[in-house]
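Below is final_27.csv, which holds CSV, C-alpha atoms.
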chain,number,residue,atom,x,y,z
M,18,MET,CA,0.0,0.0,0.0
M,19,LYS,CA,1.3,3.4,-0.9
M,20,LYS,CA,2.1,5.6,2.1
M,21,ASP,CA,0.8,9.1,2.3
M,22,ALA,CA,3.7,11.6,2.1
M,23,SER,CA,1.5,14.2,3.8
M,24,LEU,CA,2.1,12.3,7.0
M,25,GLY,CA,5.5,12.6,8.7
M,26,LEU,CA,8.0,9.8,9.3
M,27,VAL,CA,6.9,7.4,12.1
M,28,CYS,CA,9.3,8.7,14.7
M,29,ALA,CA,9.2,10.0,18.2
M,30,PRO,CA,8.6,13.8,18.1
M,31,ALA,CA,11.8,14.3,20.3
M,32,ASP,CA,13.9,12.4,17.7
M,33,LEU,CA,12.5,14.5,14.8
M,34,ALA,CA,13.2,17.7,16.9
M,35,ALA,CA,16.8,16.6,17.6
M,36,VAL,CA,17.5,16.1,13.9
M,37,GLU,CA,15.9,19.4,13.0
M,38,GLU,CA,18.1,21.0,15.6
M,39,ILE,CA,21.2,19.7,13.8
M,40,VAL,CA,19.9,21.3,10.6
M,41,THR,CA,19.1,24.6,12.3
M,42,ARG,CA,22.4,24.8,14.1
M,43,SER,CA,24.3,24.5,10.8
M,44,GLY,CA,23.0,28.0,9.9
M,45,THR,CA,22.2,26.9,6.4
M,46,SER,CA,19.1,28.0,4.4
M,47,PHE,CA,18.6,24.3,3.6
M,48,GLY,CA,16.1,23.9,6.4
M,49,LYS,CA,13.9,26.7,5.1
M,50,GLY,CA,14.0,25.3,1.6
M,51,MET,CA,13.0,21.8,2.6
M,52,ARG,CA,10.0,23.0,4.7
M,53,ILE,CA,8.0,23.3,1.5
M,54,LEU,CA,8.1,19.5,1.1
M,55,PRO,CA,5.4,17.2,2.4
M,56,PRO,CA,6.2,16.2,6.0
M,57,ALA,CA,7.6,12.7,5.4
M,58,ARG,CA,9.9,13.9,2.6
M,59,ARG,CA,10.9,16.9,4.7
M,60,ASP,CA,11.7,14.8,7.7
M,61,ALA,CA,13.8,12.4,5.6
M,62,MET,CA,15.7,15.2,3.9
M,63,PHE,CA,16.5,16.7,7.3
M,64,ALA,CA,17.9,13.3,8.4
M,65,VAL,CA,20.1,13.0,5.3
M,66,TYR,CA,21.3,16.6,5.6
M,67,ALA,CA,22.1,16.0,9.3
M,68,PHE,CA,24.0,12.9,8.4
M,69,CYS,CA,26.0,14.9,5.8
M,70,ARG,CA,26.6,17.7,8.2
M,71,GLU,CA,28.0,15.4,10.8
M,72,VAL,CA,30.4,13.6,8.5
M,73,ASP,CA,31.4,16.8,6.8
M,74,ASP,CA,32.3,18.4,10.1
M,75,ILE,CA,34.5,15.4,10.9
M,76,ALA,CA,36.3,15.6,7.6
M,77,ASP,CA,36.9,19.4,8.0
M,78,GLY,CA,38.2,19.0,11.5
M,79,ASP,CA,35.3,20.9,12.9
M,80,SER,CA,34.2,18.2,15.4
M,81,ALA,CA,35.5,17.0,18.7
M,82,HIS,CA,37.0,13.9,17.2
M,83,GLU,CA,40.8,13.7,17.4
M,84,ASP,CA,41.1,11.0,14.7
M,85,SER,CA,38.9,12.0,11.8
M,86,ARG,CA,39.5,8.8,9.8
M,87,ALA,CA,38.6,6.6,12.8
M,88,ALA,CA,35.4,8.7,13.4
M,89,LEU,CA,34.4,8.4,9.7
M,90,GLY,CA,35.1,4.6,9.9
M,91,ALA,CA,32.8,4.5,12.9
M,92,TRP,CA,30.1,6.2,10.8
M,93,ARG,CA,30.6,3.5,8.1
M,94,GLU,CA,29.9,0.8,10.7
M,95,ARG,CA,27.0,2.9,12.1
M,96,ILE,CA,25.3,3.1,8.7
M,97,SER,CA,25.9,-0.6,8.0
M,98,ALA,CA,24.5,-1.5,11.4
M,99,LEU,CA,21.2,0.3,10.5
M,100,TYR,CA,20.8,-2.0,7.5
M,101,ARG,CA,21.8,-5.1,9.4
M,102,THR,CA,20.0,-4.7,12.7
M,103,ARG,CA,17.2,-2.2,11.8
M,104,GLU,CA,17.8,-0.6,15.1
M,105,GLY,CA,19.2,2.9,15.9
M,106,ARG,CA,21.2,4.0,18.9
M,107,ASP,CA,20.2,7.7,19.0
M,108,ALA,CA,17.8,10.2,17.5
M,109,LEU,CA,19.6,10.6,14.2
M,110,ASP,CA,20.0,6.9,13.7
M,111,ARG,CA,16.3,6.3,14.3
M,112,VAL,CA,15.1,9.0,11.9
M,113,LEU,CA,17.6,7.8,9.3
M,114,LEU,CA,16.3,4.3,9.7
M,115,ALA,CA,12.7,5.5,9.2
M,116,ALA,CA,13.8,7.4,6.1
M,117,ILE,CA,15.7,4.4,4.8
M,118,GLU,CA,12.6,2.1,5.2
M,119,ARG,CA,10.1,4.7,3.9
M,120,PHE,CA,12.0,5.7,0.8
M,121,HIS,CA,14.2,2.7,0.1
M,122,LEU,CA,17.4,4.6,0.5
M,123,ARG,CA,20.5,2.6,-0.5
M,124,GLU,CA,23.4,1.8,1.9
M,125,GLU,CA,25.9,2.2,-0.9
M,126,ASP,CA,25.0,5.9,-1.3
M,127,PHE,CA,25.5,6.7,2.4
M,128,LEU,CA,28.8,4.9,2.3
M,129,ALA,CA,29.9,6.7,-0.8
M,130,VAL,CA,29.3,10.0,1.0
M,131,ILE,CA,31.5,8.8,3.9
M,132,ASP,CA,34.2,7.7,1.4
M,133,GLY,CA,34.1,11.2,-0.2
M,134,MET,CA,34.7,12.7,3.3
M,135,LEU,CA,37.6,10.2,3.8
M,136,MET,CA,39.2,11.7,0.7
M,137,ASP,CA,39.4,15.0,2.5
M,138,CYS,CA,40.9,13.6,5.6
M,139,GLY,CA,44.6,13.4,6.3
M,140,ALA,CA,46.7,14.9,3.6
M,141,PRO,CA,44.7,17.6,1.7
M,142,ILE,CA,43.6,16.9,-1.9
M,143,VAL,CA,46.1,18.7,-4.2
M,144,ALA,CA,45.8,18.6,-8.0
M,145,PRO,CA,43.9,15.3,-8.4
M,146,ASP,CA,43.9,13.6,-11.8
M,147,GLU,CA,40.6,13.8,-13.7
M,148,VAL,CA,39.4,10.4,-12.7
M,149,THR,CA,40.0,11.1,-9.0
M,150,LEU,CA,38.2,14.5,-9.3
M,151,ASP,CA,35.2,12.9,-10.9
M,152,LEU,CA,35.1,10.2,-8.2
M,153,TYR,CA,35.3,12.9,-5.5
M,154,CYS,CA,32.4,14.8,-7.1
M,155,ASP,CA,30.3,11.6,-7.3
M,156,ARG,CA,30.9,10.7,-3.7
M,157,VAL,CA,30.4,14.1,-2.1
M,158,ALA,CA,27.6,15.4,-4.4
M,159,SER,CA,26.0,12.9,-6.7
M,160,ALA,CA,25.6,10.3,-4.0
M,161,VAL,CA,23.7,12.9,-1.9
M,162,GLY,CA,21.6,13.5,-5.0
M,163,ARG,CA,20.9,9.8,-5.4
M,164,LEU,CA,19.6,9.7,-1.8
M,165,SER,CA,17.6,12.9,-2.4
M,166,VAL,CA,15.8,11.9,-5.6
M,167,ARG,CA,14.5,8.8,-3.9
M,168,ILE,CA,13.0,10.9,-1.1
M,169,PHE,CA,11.5,13.4,-3.7
M,170,GLY,CA,9.9,10.4,-5.5
M,171,THR,CA,11.7,11.0,-8.8
M,172,PRO,CA,11.2,7.9,-11.1
M,173,GLU,CA,14.1,5.5,-11.6
M,174,PRO,CA,16.5,5.3,-13.4
M,175,VAL,CA,16.2,8.9,-14.6
M,176,GLY,CA,16.5,10.2,-11.0
M,177,ASP,CA,19.9,8.7,-10.7
M,178,GLU,CA,20.9,10.3,-14.0
M,179,VAL,CA,19.8,13.7,-12.7
M,180,ALA,CA,21.8,13.1,-9.6
M,181,HIS,CA,24.8,12.2,-11.7
M,182,HIS,CA,24.8,15.4,-13.7
M,183,LEU,CA,23.4,17.8,-11.2
M,184,GLY,CA,25.8,16.6,-8.5
M,185,ARG,CA,28.8,17.2,-10.7
M,186,ALA,CA,27.5,20.6,-11.8
M,187,LEU,CA,27.0,21.7,-8.2
M,188,GLN,CA,30.4,20.4,-7.0
M,189,LEU,CA,32.3,22.0,-9.8
M,190,THR,CA,30.6,25.3,-9.1
M,191,ASN,CA,31.7,24.9,-5.4
M,192,ILE,CA,35.3,24.2,-6.5
M,193,LEU,CA,35.3,27.2,-8.8
M,194,ARG,CA,33.9,29.5,-6.1
M,195,ASP,CA,36.2,28.3,-3.3
M,196,ILE,CA,39.6,28.3,-4.9
M,197,SER,CA,41.1,30.9,-2.6
M,198,GLU,CA,39.5,29.5,0.6
M,199,ASP,CA,40.6,26.0,-0.3
M,200,ALA,CA,44.1,27.2,-1.0
M,201,GLU,CA,44.3,28.7,2.5
M,202,ARG,CA,43.6,25.2,3.8
M,203,GLY,CA,46.3,23.7,1.5
M,204,ARG,CA,43.8,22.2,-0.9
M,205,LEU,CA,43.6,22.4,-4.7
M,206,TYR,CA,40.8,20.5,-6.4
M,207,LEU,CA,41.6,21.6,-9.9
M,208,PRO,CA,42.6,18.6,-12.1
M,209,ARG,CA,46.3,18.0,-12.7
M,210,GLU,CA,45.9,17.6,-16.4
M,211,LEU,CA,44.4,21.1,-16.8
M,212,LEU,CA,46.9,22.6,-14.4
M,213,LYS,CA,49.7,21.3,-16.7
M,214,ARG,CA,47.8,22.4,-19.9
M,215,PHE,CA,47.4,26.0,-18.6
M,216,GLY,CA,50.8,26.3,-16.9
M,217,VAL,CA,49.3,26.6,-13.4
M,218,PRO,CA,51.4,25.5,-10.5
M,219,THR,CA,50.2,22.5,-8.4
M,220,ASP,CA,51.2,24.4,-5.2
M,221,PRO,CA,47.9,25.7,-3.6
M,222,ARG,CA,49.8,28.8,-2.4
M,223,GLU,CA,50.8,29.7,-5.9
M,224,ALA,CA,47.9,28.5,-8.1
M,225,PRO,CA,45.5,31.4,-7.3
M,226,TYR,CA,48.0,33.9,-8.7
M,227,ALA,CA,48.9,32.1,-11.9
M,228,ARG,CA,48.1,33.8,-15.2
M,229,GLY,CA,46.6,30.6,-16.7
M,230,LEU,CA,44.1,30.1,-13.9
M,231,ASP,CA,41.3,32.1,-15.7
M,232,GLY,CA,41.5,29.9,-18.8
M,233,LEU,CA,41.6,26.7,-16.8
M,234,CYS,CA,38.6,27.7,-14.7
M,235,ARG,CA,36.6,28.6,-17.8
M,236,VAL,CA,37.1,25.1,-19.1
M,237,LEU,CA,35.8,23.7,-15.8
M,238,ALA,CA,32.9,26.2,-15.8
M,239,ALA,CA,31.9,25.0,-19.3
M,240,ARG,CA,31.9,21.5,-18.0
M,241,ALA,CA,29.6,22.6,-15.2
M,242,GLN,CA,27.3,24.3,-17.7
M,243,ASP,CA,27.2,21.1,-19.7
M,244,HIS,CA,26.1,19.1,-16.6
M,245,PHE,CA,23.5,21.7,-15.8
M,246,ARG,CA,22.1,21.4,-19.3
M,247,LYS,CA,22.0,17.6,-19.3
M,248,ALA,CA,20.4,17.7,-15.8
M,249,GLU,CA,17.7,20.1,-17.1
M,250,GLU,CA,17.0,17.9,-20.1
M,251,LEU,CA,16.5,14.9,-17.8
M,252,MET,CA,14.4,16.8,-15.3
M,253,ARG,CA,11.9,17.6,-18.1
M,254,ARG,CA,11.2,13.9,-18.3
M,255,CYS,CA,10.2,13.7,-14.7
M,256,PRO,CA,6.8,14.5,-13.0
M,257,PRO,CA,7.2,18.1,-11.9
M,258,ALA,CA,6.3,17.5,-8.3
M,259,THR,CA,9.1,14.9,-8.0
M,260,ILE,CA,11.9,17.2,-9.3
M,261,ARG,CA,11.0,20.7,-8.0
M,262,PRO,CA,13.6,20.8,-5.2
M,263,ALA,CA,16.4,19.7,-7.7
M,264,ARG,CA,15.3,22.3,-10.2
M,265,VAL,CA,15.4,25.0,-7.5
M,266,MET,CA,18.9,23.9,-6.4
M,267,ALA,CA,20.1,24.0,-10.0
M,268,ALA,CA,18.7,27.5,-10.6
M,269,SER,CA,20.4,28.8,-7.5
M,270,TYR,CA,23.8,27.4,-8.4
M,271,GLU,CA,23.5,28.4,-12.0
M,272,VAL,CA,23.2,32.0,-10.9
M,273,VAL,CA,26.4,31.6,-8.8
M,274,LEU,CA,28.2,30.0,-11.8
M,275,GLY,CA,27.1,32.9,-14.0
M,276,ALA,CA,28.5,35.4,-11.5
M,277,LEU,CA,31.8,33.5,-11.3
M,278,MET,CA,32.1,33.6,-15.1
M,279,ARG,CA,31.5,37.3,-15.2
M,280,ARG,CA,34.0,38.0,-12.4
M,281,GLY,CA,36.6,35.6,-13.8
M,282,TRP,CA,39.5,34.1,-12.0
M,283,ARG,CA,42.3,36.5,-12.6
M,284,ASN,CA,42.0,37.2,-8.9
M,285,PRO,CA,39.8,34.6,-7.3
M,286,ALA,CA,40.0,36.3,-3.9
M,287,VAL,CA,37.8,39.2,-5.2
M,288,PRO,CA,34.5,38.9,-3.5
M,289,LEU,CA,31.7,37.4,-5.6
M,290,HIS,CA,28.7,39.6,-6.2
M,291,VAL,CA,25.5,37.6,-6.7
M,292,TRP,CA,22.3,39.7,-7.1
M,293,ASP,CA,20.0,38.1,-4.6
M,294,GLY,CA,16.8,39.3,-6.3
M,295,TRP,CA,17.8,37.6,-9.6
M,296,LYS,CA,18.7,34.4,-7.7
M,297,LYS,CA,15.3,34.3,-6.0
M,298,PHE,CA,13.5,35.1,-9.2
M,299,ARG,CA,15.3,32.2,-11.0
M,300,MET,CA,14.5,29.9,-8.1
M,301,LEU,CA,10.8,30.9,-8.3
M,302,LEU,CA,10.7,30.1,-12.0
M,303,ALA,CA,12.3,26.7,-11.3
M,304,TRP,CA,9.7,25.9,-8.6
M,305,ALA,CA,6.9,26.9,-10.9
M,306,GLY,CA,8.3,24.6,-13.6
M,307,LEU,CA,8.8,27.5,-16.1
M,308,PRO,CA,11.7,27.8,-18.5
M,309,LEU,CA,14.8,29.4,-17.1

Can you present the structure in this file as structure tokens?
Amino acid sequence: MKKDASLGLVCAPADLAAVEEIVTRSGTSFGKGMRILPPARRDAMFAVYAFCREVDDIADGDSAHEDSRAALGAWRERISALYRTREGRDALDRVLLAAIERFHLREEDFLAVIDGMLMDCGAPIVAPDEVTLDLYCDRVASAVGRLSVRIFGTPEPVGDEVAHHLGRALQLTNILRDISEDAERGRLYLPRELLKRFGVPTDPREAPYARGLDGLCRVLAARAQDHFRKAEELMRRCPPATIRPARVMAASYEVVLGALMRRGWRNPAVPLHVWDGWKKFRMLLAWAGLPL
């Protein structure tokens, strides 16, 4: 029997409140955006986001764990235990389990997210080859998308294809936006092959000032645009109600990518100016299912 998405997940109110608190504490606008979903889908998205927030904080060293790799390894065991025992040890576990059972979320996608965070632990990522960069994008972005489209109710297999392209578009946009910030942390996510092609040093301290950086980043920006276009083509094949959140996310990030391309990367430390009114207008069009 099909369950009514207008009803929330079957969880103790205190557990749902604890998960929502994790989302709220992060300070992101994600929580506000997800409130427009039916209760069950909203509760499940809060749980997935809270999980992602927890493992991301571990990878970034923003948690109390002294050994990040061990802490992420414990999260792998924790997720696997949910699928083996169908029992949770705390509020987040219990809400995740309810989301897993309600929307048939796959263990492999949760584990892929953790593996992506493991890539950021220890020695920072510096000038990965193209294959490694694509794997990283899949794990930290597209895997989250694969969990999300199941919660949204997007038909398979087109939902996974949307997640593939949109996840890569979003993560490439993040990389292009955060070059200076990542460099300060000793990270450089730009692919080795393009660094060599454009004569950009692989040293994160030097790359942001290289003359070839602008040309390199425009190649990556074009790739992101291609992924956005492919995702949009796929989303047109989906029932509108099952793809609205993904379309809104795409519209929001496309505005950021456009602002990046206008500013360029001759000095990536220059603050990015994104017109908030235009961003909100594009997101509204996306929610309404109108052409962007």

Interatomic distance, CA of Asp110 in chain M to CA of Glu124 in chain M (Å, one decimal): 13.3 Å

If we draw a sphere of 6 Å around (21.3, 13.2, -7.7), which residues have at least one atom in it when counting only C-alpha atoms? Please report them as a ChimeraX atom specification. /M:159,162-163,177,179-181,184

Given the point (26.5, 2.3, 10.2) in the coordinates of this file, which residues lie within 12 Å, counting all atoms listed in the file, and how would they look as a PyMOL selection string? chain M and resi 68+88-106+109-111+113-114+124-125+127-128+131

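The closest residue to Ile168 in chain M, picked from M:Ala186, M:Ile192, M:Leu150, M:Leu26 and counting all atoms listed in the file, is M:Leu26.
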
What gap, in Å, lies between CA of Arg279 in chain M and CA of Arg261 in chain M?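 Between CA of Arg279 in chain M and CA of Arg261 in chain M the gap works out to 27.3 Å.
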
Using Å and a single decimal, report how far CA of Val65 in chain M sits from CA of Glu118 in chain M. 13.2 Å

Identify, on the basis of all atoms listed in the file, every residue whose closest approach to Ala34 in chain M does not exceed 9 Å; exclude the query and any residue fewer than 5 positions from it along the same chain; express the result as an MDAnalysis selection string. chainID M and resid 29 39 108

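Ranking M:Gly25, M:Pro262, M:Pro257, M:Gly203 by their shortest atom-to-atom distance to Ala144 in chain M, with only C-alpha atoms included, puts M:Gly203 first.
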
Nearest-residue call for Arg283 in chain M, choices M:Ser197, M:Ser85, M:Asn191, M:Ser269, using all atoms listed in the file: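 For Arg283 in chain M, the nearest of the given residues is M:Ser197.
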
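The smallest atom-to-atom distance between Pro288 in chain M and any of M:Glu38, M:Asp195, M:Glu250, M:Asp231, using all atoms listed in the file, is found for M:Asp195.
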
Which centre and edge lengths in Å to one decimal define the box along x, y and z that fits every listed atom of range 155-170 of chain M plus 5 Å per side, as lines of an AutoDock Vina configuration file?
center_x = 20.4
center_y = 12.1
center_z = -4.2
size_x = 31.0
size_y = 16.6
size_z = 16.2

Would you mind listing what lies within 8 Å of Arg167 in chain M as a list in words, with only C-alpha atoms counted and same-chain residues fewer than 3 positions away left out? Phe120, His121, Leu122, Arg163, Leu164, Gly170, Thr171, Pro172 and Gly176 of chain M

Identify which of the residues M:Leu302, M:Ala76, M:Val273, M:Val40 lies closest to Leu187 in chain M, counting all atoms listed in the file when measuring atom-to-atom distances. M:Val273

Considering all atoms listed in the file, state which residue in the set M:Glu249, M:Asp32, M:Asp243, M:Glu223 is at the smallest distance from Asp107 in chain M.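 Ranked by minimum distance to Asp107 in chain M, first place goes to M:Asp32.
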
Each range 137-174 of chain M residue no farther than 12 Å from range 234-241 of chain M, nearest pair in Å, only C-alpha atoms, as CSV:
residue,atom,partner,partner_atom,distance
M:Glu147,CA,M:Leu237,CA,11.2
M:Leu150,CA,M:Leu237,CA,11.5
M:Asp151,CA,M:Arg240,CA,11.6
M:Cys154,CA,M:Ala241,CA,11.6

Limited to C-alpha atoms, could you put the picked residues into a file as a CSV table (one decimal), keeping the file's coordinate frame?
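Written output follows (result03.csv):
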chain,number,residue,atom,x,y,z
M,147,GLU,CA,40.6,13.8,-13.7
M,150,LEU,CA,38.2,14.5,-9.3
M,151,ASP,CA,35.2,12.9,-10.9
M,154,CYS,CA,32.4,14.8,-7.1
